[in-house]
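Chemist: Structure provided below as structure tokens; questions to follow.
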Amino acid sequence: MQIKELAFDHAPVGLAVLEHRIIRQCNQQFAAIFGDTPETYPGVPLARFYPSIEDYRRIGERSLAIMRKTERYADERVMKRADGTLFWCRVRGQSVTPDTPFQRGVWSFSDLSEERPLVPLTQREREVAILTCRGLTSKEIGLELGLSYRTIEVYRARLLEKFQARKLAELVAKLSGMPL
């Protein structure tokens with residue numbers, strides 16, 4: 001086995017060569033993260049690993065805009081395994097075709113499940129979280145949702161507990177990267 005193949009196949013992070021956001025080749029760690037074997041994934045659209053098509057489009061637009069300027073992209077996001085379970089993932093990409101960033105690139109994927117578990121939210125908690133991240137007060141959220149501000153305070157207290165945040169600013173920071 002060539003040194004380059006050895007490094008790619010046995011890298012401690014998931015690696016994938018993408019062409020137009022379709023997997024052309026991936027390593028063993030990528031397959032372990034997403035579930036299955038490396039032979040399963042060539043030809044599979046990356047869209048399969050996003051929680052929704054909307055997430056795929058939104059993140060794609062954002063990453064393409066950044067890559068047109070820098071040829072690189074990095075973020076932390078929720079992704080979906082082959083069995084449908086969601087998890088936090090650190091994603092980094094490097095285009096090898098600067099004029100058309102998605103034509104071909106090398107991407108790395110790191111499973112953050114142990115350090116950043118996914119927190120399930122009810123629909124109402126999700127609504128309160130979104131409006132909190134937009135900077136609305138409890139009274140403003142209450143007016144928007146037709147609830148009392150005290151009820152909103154109860155939802156915020158639940159969110160603080162679920163995210164193990166001590167204060168509102170810490171909660172907003174923890175929510176900021178989460179797809180709501």
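The way I read the labels, and the way they are meant: chains A, B, ... in the order of the structure tokens, residue 1 as the first residue of every chain, and ligand 1 as the first ligand shown, with later ones counted on from there.
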Within 7 Å of Gln28 in chain A, counting only C-alpha atoms, which residues qualify if same-chain residues fewer than 5 places away don't, as a CSV table (one decimal) with all heavy atoms, in the first residue's frame?
Modeler:
```
chain,number,residue,atom,x,y,z
A,9,ASP,N,-6.7,6.2,3.9
A,9,ASP,CA,-7.5,5.1,4.4
A,9,ASP,C,-7.6,5.0,5.9
A,9,ASP,O,-8.6,4.6,6.5
A,9,ASP,CB,-7.1,3.8,3.8
A,9,ASP,CG,-7.4,3.6,2.3
A,9,ASP,OD1,-8.3,4.4,1.9
A,9,ASP,OD2,-6.8,2.8,1.7
A,10,HIS,N,-6.5,5.3,6.6
A,10,HIS,CA,-6.4,5.1,8.1
A,10,HIS,C,-6.3,6.4,8.8
A,10,HIS,O,-5.9,6.4,10.0
A,10,HIS,CB,-5.2,4.2,8.4
A,10,HIS,CG,-5.4,2.8,7.8
A,10,HIS,ND1,-6.2,1.9,8.3
A,10,HIS,CD2,-4.9,2.3,6.6
A,10,HIS,CE1,-6.2,0.8,7.5
A,10,HIS,NE2,-5.4,1.0,6.5
A,37,THR,N,-19.7,0.7,5.1
A,37,THR,CA,-18.3,0.5,4.7
A,37,THR,C,-17.9,1.5,3.6
A,37,THR,O,-18.8,2.0,2.9
A,37,THR,CB,-18.2,-0.9,4.1
A,37,THR,OG1,-19.0,-1.0,2.9
A,37,THR,CG2,-18.6,-2.0,5.1
A,38,PRO,N,-16.6,1.8,3.4
A,38,PRO,CA,-16.2,2.7,2.4
A,38,PRO,C,-16.7,2.4,1.0
A,38,PRO,O,-17.0,3.3,0.2
A,38,PRO,CB,-14.7,2.7,2.5
A,38,PRO,CG,-14.4,2.2,3.8
A,38,PRO,CD,-15.5,1.3,4.2
```
Chemist: Can you check which residues of chain A DSSP gives as strand (DSSP E) on the backbone and send them as an MDAnalysis selection string?
Modeler: chainID A and resid 14:19 22:26 72:80 86:95 105:111
Chemist: Have a look at A:Leu6, A:Leu15, A:Ala47, A:Met67 and name the one nearest to Ala32 in chain A; count only C-alpha atoms.
Modeler: A:Leu15
Chemist: I need the residue nearest Val172 in chain A from this list: A:Thr137, A:Ser52, A:Thr132, A:Ser148. Use only C-alpha atoms for the distance.
Modeler: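 Of A:Thr137, A:Ser52, A:Thr132, A:Ser148, the one nearest Val172 in chain A, counting only C-alpha atoms, is A:Thr132.
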Chemist: Got a sec: who's within 10 Å of Ile22 in chain A, counting only C-alpha atoms, leaving out chain neighbours fewer than 3 positions off, as a PyMOL selection string?
Modeler: chain A and resi 16-19+25+41-48+102-104
Chemist: Can you write out as a tab-separated table which residues of range 49-79 of chain A fall within 12 Å of range 116-130 of chain A, alongside each residue's closest atom pair and its distance in Å to one decimal, counting only C-alpha atoms and ordering rows by chain and ascending residue number?
Modeler:
```
residue	atom	partner	partner_atom	distance
A:Glu76	CA	A:Arg116	CA	10.3
A:Arg77	CA	A:Leu118	CA	10.5
A:Val78	CA	A:Leu118	CA	8.1
A:Met79	CA	A:Leu118	CA	10.4
```
Chemist: One number please: CA of Thr97 in chain A to CA of Ile23 in chain A, in Å, one decimal.
Modeler: 15.8 Å
Chemist: If we count only C-alpha atoms and set the cut-off at 7 Å, which residues sit around Ser95 in chain A, ignoring sequence neighbours fewer than 5 positions away in its own chain? Please answer as a PyMOL selection string.
Modeler: chain A and resi 71-72+101-102+104-106
Chemist: Got time to write the residues from that selection, all heavy atoms, as a PDB file, in the first residue's frame?
Modeler:
```pdb
ATOM      1  N   GLU A  71     -11.309  29.326  -0.658  1.00  0.00           N
ATOM      2  CA  GLU A  71     -11.085  27.939  -1.089  1.00  0.00           C
ATOM      3  C   GLU A  71     -11.258  26.935   0.047  1.00  0.00           C
ATOM      4  O   GLU A  71     -11.084  25.743  -0.149  1.00  0.00           O
ATOM      5  CB  GLU A  71      -9.703  27.749  -1.731  1.00  0.00           C
ATOM      6  CG  GLU A  71      -9.515  28.582  -2.976  1.00  0.00           C
ATOM      7  CD  GLU A  71      -8.099  28.510  -3.511  1.00  0.00           C
ATOM      8  OE1 GLU A  71      -7.409  27.495  -3.285  1.00  0.00           O
ATOM      9  OE2 GLU A  71      -7.686  29.480  -4.161  1.00  0.00           O
ATOM     10  N   ARG A  72     -11.588  27.419   1.262  1.00  0.00           N
ATOM     11  CA  ARG A  72     -11.755  26.535   2.421  1.00  0.00           C
ATOM     12  C   ARG A  72     -13.060  26.854   3.137  1.00  0.00           C
ATOM     13  O   ARG A  72     -13.571  27.956   3.045  1.00  0.00           O
ATOM     14  CB  ARG A  72     -10.622  26.739   3.422  1.00  0.00           C
ATOM     15  CG  ARG A  72      -9.301  26.299   2.914  1.00  0.00           C
ATOM     16  CD  ARG A  72      -8.212  26.619   3.906  1.00  0.00           C
ATOM     17  NE  ARG A  72      -6.946  26.241   3.319  1.00  0.00           N
ATOM     18  CZ  ARG A  72      -5.985  25.634   3.965  1.00  0.00           C
ATOM     19  NH1 ARG A  72      -6.127  25.369   5.237  1.00  0.00           N
ATOM     20  NH2 ARG A  72      -4.882  25.316   3.355  1.00  0.00           N
ATOM     21  N   PRO A 101     -15.569  25.902  -6.678  1.00  0.00           N
ATOM     22  CA  PRO A 101     -15.223  25.220  -5.430  1.00  0.00           C
ATOM     23  C   PRO A 101     -15.845  23.851  -5.202  1.00  0.00           C
ATOM     24  O   PRO A 101     -15.213  22.989  -4.620  1.00  0.00           O
ATOM     25  CB  PRO A 101     -15.683  26.203  -4.354  1.00  0.00           C
ATOM     26  CG  PRO A 101     -15.655  27.527  -5.012  1.00  0.00           C
ATOM     27  CD  PRO A 101     -16.031  27.271  -6.444  1.00  0.00           C
ATOM     28  N   PHE A 102     -17.063  23.618  -5.663  1.00  0.00           N
ATOM     29  CA  PHE A 102     -17.693  22.318  -5.431  1.00  0.00           C
ATOM     30  C   PHE A 102     -17.344  21.281  -6.497  1.00  0.00           C
ATOM     31  O   PHE A 102     -17.746  20.127  -6.377  1.00  0.00           O
ATOM     32  CB  PHE A 102     -19.216  22.453  -5.346  1.00  0.00           C
ATOM     33  CG  PHE A 102     -19.723  22.998  -4.034  1.00  0.00           C
ATOM     34  CD1 PHE A 102     -21.020  23.440  -3.924  1.00  0.00           C
ATOM     35  CD2 PHE A 102     -18.916  23.065  -2.905  1.00  0.00           C
ATOM     36  CE1 PHE A 102     -21.521  23.932  -2.724  1.00  0.00           C
ATOM     37  CE2 PHE A 102     -19.400  23.556  -1.702  1.00  0.00           C
ATOM     38  CZ  PHE A 102     -20.702  23.984  -1.611  1.00  0.00           C
ATOM     39  N   ARG A 104     -14.502  19.839  -7.164  1.00  0.00           N
ATOM     40  CA  ARG A 104     -13.753  18.772  -6.503  1.00  0.00           C
ATOM     41  C   ARG A 104     -13.125  19.329  -5.234  1.00  0.00           C
ATOM     42  O   ARG A 104     -12.581  20.415  -5.226  1.00  0.00           O
ATOM     43  CB  ARG A 104     -12.674  18.203  -7.395  1.00  0.00           C
ATOM     44  CG  ARG A 104     -11.852  17.107  -6.679  1.00  0.00           C
ATOM     45  CD  ARG A 104     -10.868  16.461  -7.573  1.00  0.00           C
ATOM     46  NE  ARG A 104     -11.573  15.374  -8.250  1.00  0.00           N
ATOM     47  CZ  ARG A 104     -11.019  14.575  -9.141  1.00  0.00           C
ATOM     48  NH1 ARG A 104      -9.779  14.757  -9.498  1.00  0.00           N
ATOM     49  NH2 ARG A 104     -11.712  13.608  -9.686  1.00  0.00           N
ATOM     50  N   GLY A 105     -13.212  18.546  -4.163  1.00  0.00           N
ATOM     51  CA  GLY A 105     -12.614  18.968  -2.902  1.00  0.00           C
ATOM     52  C   GLY A 105     -12.402  17.801  -1.967  1.00  0.00           C
ATOM     53  O   GLY A 105     -12.935  16.709  -2.168  1.00  0.00           O
ATOM     54  N   VAL A 106     -11.596  18.053  -0.971  1.00  0.00           N
ATOM     55  CA  VAL A 106     -11.338  17.064   0.070  1.00  0.00           C
ATOM     56  C   VAL A 106     -11.955  17.600   1.356  1.00  0.00           C
ATOM     57  O   VAL A 106     -11.720  18.755   1.731  1.00  0.00           O
ATOM     58  CB  VAL A 106      -9.823  16.829   0.260  1.00  0.00           C
ATOM     59  CG1 VAL A 106      -9.569  15.824   1.365  1.00  0.00           C
ATOM     60  CG2 VAL A 106      -9.187  16.374  -1.045  1.00  0.00           C
TER      61      VAL A 106
END
```
Chemist: Write out as a list in words all residues of range 4-37 of chain A that backbone DSSP assigns to alpha helix (DSSP H).
Modeler: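 Checking each residue of range 4-37 of chain A, the alpha helix (DSSP H) ones are Lys4, Glu5, Leu6, Ala7, Phe8, Asp9, Gln28, Gln29, Phe30, Ala31, Ala32, Ile33 and Phe34 of chain A.
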Chemist: Within 7 Å of Gln29 in chain A, counting only C-alpha atoms, which residues show up once you throw out same-chain ones fewer than 2 positions away? Write them as an mmCIF file with C-alpha atoms, in the first residue's frame, please.
Modeler:
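Once written, around.cif looks like this:
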```
data_model
loop_
_atom_site.group_PDB
_atom_site.id
_atom_site.type_symbol
_atom_site.label_atom_id
_atom_site.label_comp_id
_atom_site.auth_asym_id
_atom_site.auth_seq_id
_atom_site.Cartn_x
_atom_site.Cartn_y
_atom_site.Cartn_z
ATOM 1 C CA PRO A 12 -8.090 9.392 12.439
ATOM 2 C CA VAL A 13 -10.832 11.611 10.932
ATOM 3 C CA GLY A 14 -13.393 10.835 8.277
ATOM 4 C CA ASN A 27 -11.938 6.405 4.097
ATOM 5 C CA ALA A 31 -17.715 5.020 6.916
ATOM 6 C CA ALA A 32 -17.485 4.349 10.659
ATOM 7 C CA ILE A 33 -18.895 7.793 11.512
#
```
Chemist: Just how far from CA of Arg90 in chain A is CA of Ile3 in chain A, in Å to one decimal?
Modeler: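 CA of Ile3 in chain A sits 25.6 Å away from CA of Arg90 in chain A.
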Chemist: Can you list, as a list in words, every protein, DNA or RNA residue that comes within 10 Å of Arg150 in chain A when you count only C-alpha atoms, leaving out same-chain residues fewer than 4 positions away?
Modeler: Ser138, Lys139, Gly142, Val154, Tyr155 and Arg156 of chain A
